[in-house]
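Novice: To start, I am sharing the structure in question, which I have written as structure tokens.
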Amino acid sequence: MQVADERLRSGSADERSPISNSDEFQIVSLYERWRKIQYLWVKGRFQSLRRTALGILVAVFYLGPWLQWDGRQAIWFNLPERKFTFWATTFWPQDFVLLALVLVIAAFTLFVFTVAAGRLWCGFACPQTVWTLCYVWIERKIEGKRNQRIKLDRARWSFAKIRTKGFKYLCWAILALSISITFVGYFTPIDVLLREISTLSVGVWERFTILGLAGASFLFSGVLREQVCLHMCPYARFQSVMFDRDTLIVSYDTRRGEPRGRRSRSVDAGARGLGACVDCGLCVRACPTGIDIRNGLQYECITCAACVDVCNGVMNKMGYAPNLIRFSSENQDEGVPRAKTRFRLWSSGSVLTLLLALLAFDLAERVPLRLDIIRDRGRLYRASWDGSVENTYTLRIMNMEQNARTYEVSVAGAVPLRYSGEGHIEVAGESQVSLPISLVTAPGVHGPATSDVRFTVRSVGEPVYEITKTSRFLRPVEAAPEAGAHEDE
Amino acid sequence: MSNAWSGYVILLVALNIVGCAWLLYVNRKAKVKSGQAGEPVGHDFDGIQELNNPLPAWWTWLFIVTMVFSMVYLILYPGLGRFRGALGWTSSGQWDDQIADANAQYGPIYARYFEQSIPALLQEPKAIEMGGRLFANNCSPCHGSDARGGDGYPNLTDDDWLYGGDPDTIVQTITNGRNGLMPPLGAAVGGEPGIQQVAQYVLSLSGRTHDAKLAAQGKVYFTTICSACHGPEGTGNHAIGSPNLTDDIWLHGGRVTDIEDRVRNGKMSKMPAHGKILSPEKIHLLALYVYSLSHPAATGD
């Protein structure tokens with residue numbers, strides 16, 4: 001992938017005035033001032049698609065915490081109790097391997113998606129992009145169109161400017177708070193949270209998260225915008241290794257567009273030796289990261305396709321064919337046919353398929369029941385004078401389901417054992433019980449000093465879940481004649 | 001920490017902050033041949049060149065913010081040698097605060113249960129559950145998680161008591177501990193033959209199989225010596241914690257050899273005092289739990 005760093009090569013050197021000039025050397029600052037990029041609010045096919053995606057994603061985010069299931073929040077990450085509820089299923093820290101799998105799948109999905117569609121995620125679905133669009137929309141409603149915004153930014157500070165900017169920041173703050181309160185609503189039930197907010201009795205962690213997240217949203221999506229994509233996002237930085245020559249990119253058709261030049265509609269471009277590009281500069285003004293797509297593929301490009309839409313509008317007005325700037329690929333740009341085998345695509349795609357199958361299998365086979373056996377540590381065994389031996393265990397039975405279940409406890413071992421304690425135990429939904437039980441051998445039963453004993457816990461009623469764990473049964477070493485006699489020799 | 005070490009640490013910390021600031025200051029500019037961005041700035045590390053691709057200026061501010069943060073932190077919290085920080089924070093103070101918070105949160109619950117008598121609390125499953133957790137943390141290492149004890153540690157579930165099983169006595173036992181003493185009496189009963197005879201008699205007390213002839217001889221020793229503590233019938237004495245020998249419950253093992261060994265060598269055992277470790281409110285709930293183990297009928301519905 002050829003990354004032409006044109007913005008830095010052409011744009012910034014003259015703005016960073018050299019501090020001293022000599023014939024041989026000059027001293028330059030290694031830091032550049034940040035210029036706010038004011039871009040056009042473009043209308044067009046891809047921008048409608050973007051705004052539709054934005055609407056759906058924002059709606060899903062805001063409505064998520066309000067979904068109810070069985071009298072409580074359907075999606076609820078209950079951190080204090082370490083319970084993660086999705087409708088009828090509750091996940092536990094013990095299901096961590098599933099979370100790890102989901103995260104690996106997310107990483108591979110991003111990988112496959114990037115190989116195939118480039119930075120479509122960045123331009124259309126990334127929260128940073130989505131929220132930035134919301135903040136920009138507010139800014140545009142209050143400060144006006146691009147020209148008005150630039151004029152306002154350049155204007156001297158006056159009461160009117162302070163009022164306009166202040167009102168914008170107030171609206172931004174309200175948006176930021178609505179985002180962070182909704183986010184916290186996934187962790188603290190949203191109705192409880194809103195009640196706490198209305199009575200100003202929000203807990204310290206909620207307060208911290210709401211204010212911190214609102215501040216972060218305001219700062220990152222409202223103020224910093226493209227700086228996040230350019231200088232903070234790790235995904236943006238390692239995407240180039242996933243690209244191949246058939247990856248979807250936004251590009252300018254150089255052969256058709258050049259030589260660029262201004263002309264009137266009535267002029268025959270061919271006769272004047274001009275390409276299709278009328279050099280109106282709208283593609284640059286539409287770009288949220290401030291690049292000129294005509295300089296080739298650049299690392300700043302988030303494939304939002306604003307330049308595609310705005311250029312197609314111009315082409316339409318000029319009566320030219322559309323798609324001077326369009327979704328394309330490096331091969332397509334050079335007229336090379338698509339590669340027959342795209343190793344990165346099919347290899348990562350098959351790994352993703354395998355992982356998805358593994359996740360489906362794990363979810364289907366998940367046993368929402370845990371059993372831990374804790375052998376009493378204080379003593380190995382109790383030997384009675386009549387020869388019976390007793391071992392004590394604590395069974396910790398955890399019901400990971402939402403409903404109460406009754407479990408049947410059974411024991412099997414190499415030596416015949418008598419089980420004293422409850423045979424059936426009811427465990428309330430999403431809770432665990434500790435069941436101390438003792439296993440006793442009858443007097444006169446002999447056996448090895450240590451042997452395995454298997455505890456099985458099985459749910460009564462449908463669906464049947466069963467779990468078996470092994471522990472040890474210990475007893476005094478029985479005096480074996482001659483044992484050890486030869487060891488000393 | 002002596003003043004010299006304290007000064008040394010302060011110096012190092014200050015030098016570090018000043019050093020960071022200096023590093024940032026001297027690296028803000030570079031001398032380049034060409035003012036163009038993307039050109040080498042002349043820094044070469046094993047063939048890896050630094051190019052003039054300027055960073056956003058706000059990155060510098062992040063550096064400065066971290067330095068200011070470190071200075072504010074060093075003023076507020078301990079970090080500069082012996083200087084304790086303006087907030088006076090200590091880890092033990094934080095622990096005390098957390099204990100105070102916990103007491104404020106759970107204190108009322110304990111206080112409410114403390115006001116009620118232990119037999120009355122048998123109707124409060126929550127209180128018994130709390131006592132059970134206290135038992136698991138404090139008592140189960142010796143008495144077992146099922147409270148059924150073992151060699152040298154009494155079974156607490158069988159309603160057989162060394163010192164008495166009424167609630168007040170259980171509270172006493174937990175608070176002050178107990179010292180059990182069985183003196184060695186091998187010589188007093190006339191050596192090995194006497195030891196065997198006494199052991200056979202003790203077996204007969206709980207109706208176990210024994211040698212009647214030896215037991216008859218042992219009875220003589222028992223009435224003159226052992227009965228002082230275990231009573232003429234061998235039923236023990238709660239006042240001094242001497243076990244009842246007639247109930248076939250053997251604290252230190254019930255084999256004949258075990259019983260002979262007790263007579264021969266005696267036994268000292270100890271229940272440690274918990275009055276200084278646990279609050280009276282907690283001991284109240286612990287006693288409730290222990291009491292509930294041998295009074296299960298009352299805990300039913």
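Identifiers in this document derive from the order of the structure tokens: chains are assigned A, B, ..., residues are numbered from 1 separately in each chain, and ligands are numbered from 1 in order of occurrence.
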What are the closest atom pairs, with distances in Å to one decimal, for each residue of chain A lying within 7 Å of chain B, using only C-alpha atoms, rows by chain and rising residue number, as a tab-separated table?

Specialist:
```
residue	atom	partner	partner_atom	distance
A:Leu8	CA	B:Ala37	CA	5.8
A:Arg9	CA	B:Ala37	CA	5.2
A:Ala13	CA	B:Gln36	CA	5.7
A:Glu24	CA	B:Lys33	CA	5.9
A:Phe25	CA	B:Lys33	CA	4.5
A:Gln26	CA	B:Val32	CA	5.4
A:Ile27	CA	B:Lys31	CA	4.3
A:Val28	CA	B:Lys29	CA	5.5
A:Ser29	CA	B:Lys29	CA	4.2
A:Leu30	CA	B:Pro54	CA	4.7
A:Tyr31	CA	B:Leu55	CA	4.7
A:Glu32	CA	B:Pro56	CA	5.1
A:Arg33	CA	B:Ala57	CA	5.3
A:Trp34	CA	B:Pro56	CA	6.3
A:Asp376	CA	B:Gly144	CA	6.6
A:Arg377	CA	B:Pro141	CA	7.0
A:Gly378	CA	B:Pro141	CA	4.8
A:Arg382	CA	B:Gly150	CA	5.8
A:Ser384	CA	B:Gly254	CA	6.8
A:Trp385	CA	B:Gly254	CA	4.7
A:Pro436	CA	B:Asp146	CA	5.5
```

Novice: Where in segment 169-262 of chain B does DSSP assign strand (DSSP E), given as JSON, numbers by chain?

Specialist: {"B": [178, 179, 180, 181, 182]}

Novice: Atom CA of Phe183 of chain A to atom CA of Trp66 of chain A: how many Å, to one decimal?

Specialist: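 Spanning atom CA of Phe183 of chain A to atom CA of Trp66 of chain A is a straight-line distance of 11.6 Å.
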
Novice: List as a ChimeraX atom specification the protein and nucleic acid residues near segment 90-95 of chain B, meaning an atom at most 12 Å away when only C-alpha atoms are counted, but skip any in the same chain fewer than 4 places from it.

Specialist: /B:76-79,83-86,99-102

Novice: What's the 9 Å shell around Val411 of chain A, counting only C-alpha atoms, without same-chain residues fewer than 2 positions away, as an MDAnalysis selection string?

Specialist: chainID A and resid 409 413 417:419 439 453:457

Novice: Taking into account only C-alpha atoms, which residue in the set B:Asp166, B:Ser2, B:Tyr291, B:Thr66 is nearest to Ala21 of chain B?

Specialist: B:Thr66

Novice: Between atom CA of Gln38 of chain A and atom CA of Cys280 of chain A, what distance in Å does the model show, to one decimal?

Specialist: 16.8 Å
